[in-house]
Structures are given as structure tokens and as C-alpha cells.
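Next comes protein29.csv, with CSV, C-alpha atoms.
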```csv
chain,number,residue,atom,x,y,z
A,29,PHE,CA,0.0,0.0,0.0
A,30,LYS,CA,1.1,3.6,-0.5
A,31,LYS,CA,1.4,5.6,2.7
A,32,PRO,CA,0.2,9.2,2.3
A,33,LYS,CA,2.2,12.2,3.4
A,34,GLY,CA,0.7,14.3,6.1
A,35,CYS,CA,0.1,14.9,9.8
A,36,LYS,CA,-0.4,12.3,12.5
A,37,LYS,CA,-4.2,12.5,12.1
A,38,ILE,CA,-4.0,11.7,8.3
A,39,LEU,CA,-1.6,8.8,8.9
A,40,LYS,CA,-3.6,7.4,11.8
A,41,LYS,CA,-6.7,7.4,9.6
A,42,PHE,CA,-4.8,5.7,6.8
A,43,TYR,CA,-3.5,3.0,9.1
A,44,THR,CA,-6.9,2.5,10.7
A,45,ASP,CA,-8.6,2.2,7.3
A,46,GLU,CA,-6.1,-0.4,6.2
A,47,ILE,CA,-6.7,-2.4,9.3
A,48,GLN,CA,-10.4,-2.3,8.7
A,49,LYS,CA,-9.8,-3.6,5.2
A,50,ILE,CA,-7.9,-6.5,6.6
A,51,CYS,CA,-10.6,-7.2,9.1
A,52,SER,CA,-13.2,-7.2,6.3
A,53,PHE,CA,-11.0,-9.6,4.3
A,54,ARG,CA,-10.7,-12.0,7.3
A,55,CYS,CA,-14.5,-11.7,7.9
A,56,TYR,CA,-15.2,-12.6,4.3
A,57,ASN,CA,-13.0,-15.7,4.6
A,58,GLN,CA,-13.8,-16.5,8.2
A,59,ASN,CA,-14.6,-20.1,7.6
A,60,LEU,CA,-11.2,-20.8,6.1
A,61,VAL,CA,-9.5,-18.8,8.8
A,62,ASN,CA,-11.3,-20.8,11.5
A,63,TYR,CA,-10.5,-24.1,9.8
A,64,TYR,CA,-6.8,-23.2,9.4
A,65,TYR,CA,-6.3,-22.3,13.0
A,66,SER,CA,-8.5,-25.1,14.4
A,67,GLY,CA,-5.8,-27.7,13.6
A,68,ALA,CA,-8.3,-29.8,11.7
A,69,THR,CA,-7.0,-31.8,8.8
A,70,GLU,CA,-10.1,-33.5,7.3
A,71,MET,CA,-10.4,-31.0,4.4
A,72,ASP,CA,-6.6,-30.7,3.7
A,73,ALA,CA,-6.7,-32.9,0.6
A,74,GLN,CA,-9.3,-30.8,-1.0
A,75,LEU,CA,-7.7,-27.5,-0.1
A,76,PHE,CA,-4.0,-28.1,-0.5
A,77,LEU,CA,-3.5,-30.7,-3.2
A,78,ARG,CA,-3.4,-29.9,-6.9
A,79,LYS,CA,-5.9,-31.0,-9.5
A,80,VAL,CA,-8.8,-31.1,-7.1
A,81,GLU,CA,-12.1,-31.3,-9.0
A,82,GLU,CA,-14.4,-30.1,-6.3
A,83,HIS,CA,-13.3,-28.0,-3.3
A,84,PRO,CA,-15.4,-27.4,-0.2
A,85,HIS,CA,-17.5,-24.3,-1.1
A,86,TRP,CA,-18.4,-23.7,2.5
A,87,LEU,CA,-14.8,-23.0,3.2
A,88,LEU,CA,-13.8,-21.2,0.0
A,89,LYS,CA,-15.5,-18.4,-1.9
A,90,PRO,CA,-16.0,-18.6,-5.7
A,91,LYS,CA,-13.0,-20.2,-7.4
A,92,LEU,CA,-10.0,-17.9,-8.1
A,93,GLU,CA,-8.3,-17.8,-11.4
A,94,ARG,CA,-5.2,-19.9,-10.9
A,95,ASP,CA,-2.7,-22.2,-12.7
A,96,GLU,CA,-3.8,-25.7,-11.5
A,97,ARG,CA,-0.4,-27.1,-12.5
A,98,PHE,CA,1.2,-25.2,-9.6
A,99,SER,CA,-1.6,-24.0,-7.3
A,100,THR,CA,-4.1,-25.6,-5.0
A,101,PRO,CA,-7.6,-24.3,-4.2
A,102,ALA,CA,-6.5,-22.7,-0.9
A,103,ASP,CA,-2.8,-22.0,-1.0
A,104,TYR,CA,-3.0,-18.4,-2.2
A,105,LEU,CA,-5.8,-17.5,0.3
A,106,VAL,CA,-4.0,-19.0,3.3
A,107,ALA,CA,-0.8,-17.3,2.3
A,108,LYS,CA,-2.7,-14.0,2.0
A,109,ILE,CA,-4.4,-14.5,5.4
A,110,LEU,CA,-1.0,-15.1,7.1
A,111,ALA,CA,0.6,-12.1,5.3
A,112,MET,CA,-2.4,-9.9,6.3
A,113,GLU,CA,-1.9,-10.8,9.9
A,114,LYS,CA,1.7,-9.6,9.8
A,115,ILE,CA,0.6,-6.4,8.0
A,116,GLN,CA,-2.0,-5.8,10.6
A,117,LEU,CA,0.6,-6.1,13.4
A,118,TYR,CA,2.8,-3.7,11.6
A,119,LEU,CA,0.0,-1.2,11.2
A,120,ALA,CA,-0.9,-1.5,14.8
A,121,GLU,CA,2.7,-0.8,15.8
A,122,GLU,CA,2.8,2.3,13.5
A,123,ILE,CA,-0.4,3.7,15.2
A,124,VAL,CA,1.2,3.3,18.6
A,125,LYS,CA,4.4,5.0,17.4
A,126,LEU,CA,2.3,7.9,16.2
A,127,GLU,CA,0.9,8.2,19.7
A,128,GLY,CA,4.4,8.4,21.1
A,129,THR,CA,4.7,4.9,22.6
A,130,ASN,CA,7.0,2.1,21.7
A,131,PHE,CA,4.7,-0.9,21.0
A,132,THR,CA,7.5,-3.5,21.3
A,133,GLU,CA,8.7,-2.1,24.6
A,134,ASN,CA,5.2,-2.0,26.0
A,135,ARG,CA,4.7,-5.7,25.3
A,136,SER,CA,7.8,-6.6,27.3
A,137,VAL,CA,7.5,-4.2,30.2
A,138,ASP,CA,5.8,-6.7,32.5
A,139,LYS,CA,8.3,-9.5,32.9
A,140,LYS,CA,6.1,-11.3,35.4
A,141,GLU,CA,5.0,-14.8,34.3
A,142,TYR,CA,1.4,-15.7,34.6
A,143,ARG,CA,0.2,-19.4,34.8
A,144,TRP,CA,-3.3,-20.8,34.7
A,145,THR,CA,-3.5,-22.9,37.9
A,146,GLY,CA,-7.0,-24.2,37.4
A,147,GLU,CA,-8.3,-26.9,35.1
A,148,ALA,CA,-7.6,-26.3,31.4
A,149,ILE,CA,-11.2,-27.1,30.5
A,150,ASN,CA,-12.3,-24.1,32.5
A,151,LEU,CA,-10.3,-21.8,30.3
A,152,VAL,CA,-12.0,-23.5,27.3
A,153,GLU,CA,-15.4,-22.4,28.7
A,154,LEU,CA,-14.1,-18.9,29.0
A,155,ALA,CA,-12.6,-18.9,25.4
A,156,TYR,CA,-15.9,-20.1,23.9
A,157,GLY,CA,-17.9,-17.6,25.9
A,158,LEU,CA,-15.8,-14.8,24.4
A,159,TYR,CA,-16.0,-16.3,21.0
A,160,TYR,CA,-19.7,-16.8,20.8
A,161,THR,CA,-20.4,-13.3,22.3
A,162,GLY,CA,-18.1,-11.7,19.7
A,163,GLU,CA,-16.2,-9.6,22.2
A,164,ILE,CA,-12.8,-9.7,20.6
A,165,ASN,CA,-12.0,-7.8,17.3
A,166,ASN,CA,-15.7,-7.2,16.7
A,167,GLY,CA,-16.3,-10.9,16.6
A,168,ASN,CA,-13.6,-11.5,13.9
A,169,ALA,CA,-11.3,-13.6,16.2
A,170,GLY,CA,-11.6,-17.3,15.7
A,171,ILE,CA,-11.9,-19.7,18.6
A,172,ALA,CA,-8.5,-21.3,17.8
A,173,GLU,CA,-7.0,-17.8,17.9
A,174,ILE,CA,-8.5,-17.0,21.2
A,175,VAL,CA,-7.4,-20.4,22.6
A,176,ARG,CA,-3.8,-19.9,21.3
A,177,LEU,CA,-3.8,-16.4,22.9
A,178,PHE,CA,-4.9,-17.9,26.3
A,179,GLU,CA,-2.2,-20.6,26.0
A,180,LYS,CA,0.5,-17.9,25.4
A,181,ILE,CA,-0.7,-15.6,28.2
A,182,PHE,CA,-1.2,-18.3,30.8
A,183,ASN,CA,1.6,-20.8,29.8
A,184,ILE,CA,-0.8,-23.7,29.4
A,185,ALA,CA,-1.4,-26.3,26.7
A,186,ILE,CA,-5.1,-26.5,26.0
A,187,GLY,CA,-5.1,-28.7,22.8
A,188,LYS,CA,-7.5,-28.7,19.9
A,189,PRO,CA,-10.5,-26.4,20.8
A,190,SER,CA,-13.2,-28.5,19.0
A,191,ARG,CA,-12.1,-31.6,20.9
A,192,ARG,CA,-12.1,-29.8,24.3
A,193,PHE,CA,-15.5,-28.4,23.5
A,194,SER,CA,-16.8,-31.9,22.8
A,195,GLU,CA,-15.8,-32.7,26.4
A,196,ILE,CA,-18.0,-29.9,27.6
A,197,LYS,CA,-21.0,-31.0,25.5
A,198,GLN,CA,-20.7,-34.5,26.8
A,199,ARG,CA,-21.1,-33.6,30.5
A,200,LYS,CA,-24.0,-35.4,32.1
A,201,ARG,CA,-24.0,-34.7,35.8
A,202,LEU,CA,-22.2,-31.4,35.6
A,203,SER,CA,-23.6,-28.1,34.2
A,204,LYS,CA,-22.4,-27.6,30.6
A,205,THR,CA,-21.1,-24.2,31.8
A,206,LYS,CA,-19.8,-25.3,35.2
A,207,TYR,CA,-16.9,-22.8,35.4
A,208,LEU,CA,-18.9,-19.8,34.0
A,209,ASP,CA,-21.6,-20.7,36.6
A,210,GLN,CA,-19.0,-20.7,39.4
A,211,MET,CA,-17.7,-17.3,38.2
A,212,LYS,CA,-21.2,-15.9,38.2
A,213,THR,CA,-21.9,-17.3,41.7
A,214,ALA,CA,-18.6,-15.8,43.1
A,215,ILE,CA,-19.4,-12.4,41.6
A,216,ASP,CA,-23.0,-12.4,42.9
A,217,LYS,CA,-21.8,-13.4,46.4
A,218,ARG,CA,-19.3,-10.6,46.5
A,219,ILE,CA,-21.9,-8.1,45.4
A,220,ASP,CA,-24.4,-9.5,48.0
A,221,ASP,CA,-21.8,-9.3,50.7
A,222,ASP,CA,-21.0,-5.7,49.9
A,223,ASP,CA,-24.7,-4.8,49.9
A,224,GLU,CA,-25.2,-6.5,53.3
A,225,PHE,CA,-22.4,-4.6,55.0
A,226,VAL,CA,-23.8,-1.6,56.9
A,227,PRO,CA,-21.2,0.4,58.9
A,228,ARG,CA,-22.1,1.0,62.5
A,229,PRO,CA,-22.9,4.6,63.3
A,230,ASN,CA,-20.4,6.5,65.4
A,231,PHE,CA,-22.1,7.9,68.6
A,232,ARG,CA,-19.1,9.3,70.1
```
For this file, write the structure as C-alpha cells.
Amino acid sequence: FKKPKGCKKILKKFYTDEIQKICSFRCYNQNLVNYYYSGATEMDAQLFLRKVEEHPHWLLKPKLERDERFSTPADYLVAKILAMEKIQLYLAEEIVKLEGTNFTENRSVDKKEYRWTGEAINLVELAYGLYYTGEINNGNAGIAEIVRLFEKIFNIAIGKPSRRFSEIKQRKRLSKTKYLDQMKTAIDKRIDDDDEFVPRPNFR
């Protein structure tokens, strides 16, 4: 892309607009993004082998013009998705620089290590809650991306999201959302405890 010349306001708008274009591109290809990051392999033969007669239309949009002697149905799109992610990170860094902060330094300021000390499946509940409510990147973040983020932040191996979600769905005696229910109960209790506290009047 061609960066315009101008003041901080012009540059910031340019960077923000470019990020929005990337988000729109990801949203348009969200099924493929989710499949790629899920770790699934059942569609790989139809996506990443040459001379495929029929590709999964629910994963890929209308067929691109390509040389089938060298290309596969999804290789160009996946490469573009990965490249766009790097460009988005670069643009985010440029925006932070415009605001007078070093993005790279900010990410390494807190050297403290955080570890998830509860059950990994509890973190899966939280990840799916964020995914289905669309609270991250306007709903454009895939479940696998959210899970990988949690793994990185909390130094924990969660595994394949779809497999862990199956464990949640198969619960019989426990609530399907056991951990989220516990969180709600804990917060409600704290609020109730605060509401019940009435300071004694000082008669002195």
C-alpha cells in the first residue's frame, strides 16, 4: 500500500482504514481462517492438493483464477491470510508509534509470568464464551486464535479447541457451563456481601 504524506491525524486514519480492510477480508474468509487455526485436517486434501475437481464451497468463496499445474484451491488465500496478519501487526505498531509509545517495549514491560493454575477445560469455557459473544476484534477472532492467545498468556497447553468443546458438551451430571456458573456465583456473592455490609454509626 502507498502511505500518504501528512500529519499524524492523516496517517492514523490511513492505518486504521487499512486495518479495517484486513478485518473485512478476514471476515469474508472467516470459515477458512477458523479451519486453518483449528488444527483440523479432514479437508486438507481438497484444499492443499493440486488437480482437485471439487473444493469445499463452505470454506472457500468462488474459485479464483489460478494455474492448476502449480496452485491448490486454498494455498493463495491461506498465504494471503498469514501475510495480512503480519501487515495488521505492523500497522498497529505504526499507530502506537504515532501516539508516542513504543509498542514492542510496551509488550515486554511486564516481565512477570502468569500461569493458569485451574483446570484447562475451565479456560476453554471462557474462550468459547468470548468467541460466541463476539467480544474480541468485533467478533472476527476465531476460537482457535482465542485459545492460542490464552495458551500464550497463561503458559498452558489446551489442545484442539473442538475436541475440548466436545468434552464440555458430553457432560452429564455437571452443568455444561460449570466454570462460568462458578464465576457468576462468586461475583454475585461478592456483590451481595458488599450490599449487606452496613457500617455502625459512630455515637461518640
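The gap separating atom CA of A:Gly157 from atom CA of A:Asp209 is 11.7 Å, in Å to one decimal.
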Expressed in Å, the length from atom CA of A:Gln58 to atom CA of A:Leu87 is 8.3 Å
My list of candidates is A:Ile47, A:Cys35, A:Leu151, A:Ile171. Which is closest to A:Ser66 when distances are computed with all atoms listed in the file? A:Ile171
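If you look at atom CA of A:Ile215 and atom CA of A:Gly187, they are 28.7 Å away from each other.
Distances to A:Trp144 were evaluated for A:Lys125, A:Lys180, A:Lys188, A:Lys30 using all atoms listed in the file, and the minimum falls at A:Lys180.
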Subset file: stretch 64-174 of chain A, C-alpha atoms, as an mmCIF file, in the first residue's frame:
```cif
data_model
loop_
_atom_site.group_PDB
_atom_site.id
_atom_site.type_symbol
_atom_site.label_atom_id
_atom_site.label_comp_id
_atom_site.auth_asym_id
_atom_site.auth_seq_id
_atom_site.Cartn_x
_atom_site.Cartn_y
_atom_site.Cartn_z
ATOM 1 C CA TYR A 64 -6.788 -23.235 9.381
ATOM 2 C CA TYR A 65 -6.331 -22.266 13.026
ATOM 3 C CA SER A 66 -8.451 -25.098 14.416
ATOM 4 C CA GLY A 67 -5.782 -27.667 13.626
ATOM 5 C CA ALA A 68 -8.315 -29.757 11.691
ATOM 6 C CA THR A 69 -7.020 -31.829 8.765
ATOM 7 C CA GLU A 70 -10.070 -33.539 7.265
ATOM 8 C CA MET A 71 -10.357 -31.020 4.391
ATOM 9 C CA ASP A 72 -6.624 -30.658 3.686
ATOM 10 C CA ALA A 73 -6.659 -32.938 0.647
ATOM 11 C CA GLN A 74 -9.343 -30.808 -1.013
ATOM 12 C CA LEU A 75 -7.679 -27.545 -0.050
ATOM 13 C CA PHE A 76 -3.954 -28.118 -0.461
ATOM 14 C CA LEU A 77 -3.528 -30.713 -3.225
ATOM 15 C CA ARG A 78 -3.351 -29.920 -6.938
ATOM 16 C CA LYS A 79 -5.908 -31.007 -9.548
ATOM 17 C CA VAL A 80 -8.812 -31.130 -7.117
ATOM 18 C CA GLU A 81 -12.073 -31.319 -9.047
ATOM 19 C CA GLU A 82 -14.359 -30.142 -6.256
ATOM 20 C CA HIS A 83 -13.321 -27.977 -3.305
ATOM 21 C CA PRO A 84 -15.425 -27.378 -0.154
ATOM 22 C CA HIS A 85 -17.514 -24.324 -1.079
ATOM 23 C CA TRP A 86 -18.444 -23.659 2.539
ATOM 24 C CA LEU A 87 -14.752 -22.994 3.220
ATOM 25 C CA LEU A 88 -13.808 -21.217 0.001
ATOM 26 C CA LYS A 89 -15.549 -18.439 -1.860
ATOM 27 C CA PRO A 90 -15.980 -18.603 -5.666
ATOM 28 C CA LYS A 91 -12.994 -20.193 -7.388
ATOM 29 C CA LEU A 92 -10.035 -17.892 -8.079
ATOM 30 C CA GLU A 93 -8.254 -17.805 -11.415
ATOM 31 C CA ARG A 94 -5.163 -19.933 -10.900
ATOM 32 C CA ASP A 95 -2.747 -22.214 -12.701
ATOM 33 C CA GLU A 96 -3.802 -25.664 -11.509
ATOM 34 C CA ARG A 97 -0.428 -27.110 -12.514
ATOM 35 C CA PHE A 98 1.176 -25.237 -9.618
ATOM 36 C CA SER A 99 -1.582 -23.969 -7.341
ATOM 37 C CA THR A 100 -4.051 -25.613 -4.997
ATOM 38 C CA PRO A 101 -7.559 -24.338 -4.158
ATOM 39 C CA ALA A 102 -6.540 -22.675 -0.878
ATOM 40 C CA ASP A 103 -2.778 -22.046 -0.974
ATOM 41 C CA TYR A 104 -3.046 -18.444 -2.201
ATOM 42 C CA LEU A 105 -5.785 -17.498 0.258
ATOM 43 C CA VAL A 106 -4.034 -19.024 3.269
ATOM 44 C CA ALA A 107 -0.779 -17.293 2.299
ATOM 45 C CA LYS A 108 -2.665 -14.005 1.992
ATOM 46 C CA ILE A 109 -4.367 -14.505 5.363
ATOM 47 C CA LEU A 110 -0.998 -15.073 7.072
ATOM 48 C CA ALA A 111 0.552 -12.088 5.280
ATOM 49 C CA MET A 112 -2.384 -9.871 6.264
ATOM 50 C CA GLU A 113 -1.886 -10.792 9.919
ATOM 51 C CA LYS A 114 1.714 -9.572 9.776
ATOM 52 C CA ILE A 115 0.650 -6.385 8.000
ATOM 53 C CA GLN A 116 -2.030 -5.781 10.634
ATOM 54 C CA LEU A 117 0.563 -6.116 13.395
ATOM 55 C CA TYR A 118 2.842 -3.670 11.560
ATOM 56 C CA LEU A 119 0.000 -1.156 11.158
ATOM 57 C CA ALA A 120 -0.902 -1.458 14.846
ATOM 58 C CA GLU A 121 2.735 -0.762 15.750
ATOM 59 C CA GLU A 122 2.754 2.314 13.496
ATOM 60 C CA ILE A 123 -0.387 3.672 15.164
ATOM 61 C CA VAL A 124 1.176 3.251 18.605
ATOM 62 C CA LYS A 125 4.356 4.976 17.410
ATOM 63 C CA LEU A 126 2.278 7.925 16.205
ATOM 64 C CA GLU A 127 0.853 8.182 19.705
ATOM 65 C CA GLY A 128 4.363 8.392 21.121
ATOM 66 C CA THR A 129 4.665 4.909 22.628
ATOM 67 C CA ASN A 130 6.999 2.075 21.705
ATOM 68 C CA PHE A 131 4.731 -0.900 21.009
ATOM 69 C CA THR A 132 7.476 -3.533 21.298
ATOM 70 C CA GLU A 133 8.748 -2.136 24.581
ATOM 71 C CA ASN A 134 5.223 -1.970 25.973
ATOM 72 C CA ARG A 135 4.684 -5.651 25.293
ATOM 73 C CA SER A 136 7.799 -6.582 27.259
ATOM 74 C CA VAL A 137 7.478 -4.163 30.193
ATOM 75 C CA ASP A 138 5.796 -6.657 32.488
ATOM 76 C CA LYS A 139 8.268 -9.498 32.901
ATOM 77 C CA LYS A 140 6.106 -11.328 35.429
ATOM 78 C CA GLU A 141 4.999 -14.775 34.300
ATOM 79 C CA TYR A 142 1.361 -15.746 34.609
ATOM 80 C CA ARG A 143 0.216 -19.354 34.849
ATOM 81 C CA TRP A 144 -3.266 -20.816 34.718
ATOM 82 C CA THR A 145 -3.456 -22.915 37.866
ATOM 83 C CA GLY A 146 -7.012 -24.165 37.410
ATOM 84 C CA GLU A 147 -8.270 -26.875 35.078
ATOM 85 C CA ALA A 148 -7.571 -26.252 31.378
ATOM 86 C CA ILE A 149 -11.177 -27.085 30.498
ATOM 87 C CA ASN A 150 -12.294 -24.056 32.537
ATOM 88 C CA LEU A 151 -10.268 -21.820 30.254
ATOM 89 C CA VAL A 152 -11.963 -23.467 27.272
ATOM 90 C CA GLU A 153 -15.363 -22.421 28.652
ATOM 91 C CA LEU A 154 -14.110 -18.861 28.965
ATOM 92 C CA ALA A 155 -12.641 -18.889 25.448
ATOM 93 C CA TYR A 156 -15.879 -20.128 23.891
ATOM 94 C CA GLY A 157 -17.860 -17.582 25.888
ATOM 95 C CA LEU A 158 -15.758 -14.779 24.416
ATOM 96 C CA TYR A 159 -15.970 -16.335 20.955
ATOM 97 C CA TYR A 160 -19.743 -16.752 20.832
ATOM 98 C CA THR A 161 -20.418 -13.292 22.287
ATOM 99 C CA GLY A 162 -18.076 -11.733 19.715
ATOM 100 C CA GLU A 163 -16.222 -9.591 22.249
ATOM 101 C CA ILE A 164 -12.785 -9.734 20.556
ATOM 102 C CA ASN A 165 -11.990 -7.842 17.332
ATOM 103 C CA ASN A 166 -15.689 -7.212 16.710
ATOM 104 C CA GLY A 167 -16.312 -10.943 16.556
ATOM 105 C CA ASN A 168 -13.627 -11.540 13.911
ATOM 106 C CA ALA A 169 -11.326 -13.578 16.174
ATOM 107 C CA GLY A 170 -11.648 -17.326 15.651
ATOM 108 C CA ILE A 171 -11.949 -19.745 18.557
ATOM 109 C CA ALA A 172 -8.546 -21.254 17.769
ATOM 110 C CA GLU A 173 -6.958 -17.800 17.853
ATOM 111 C CA ILE A 174 -8.522 -17.043 21.238
#
```
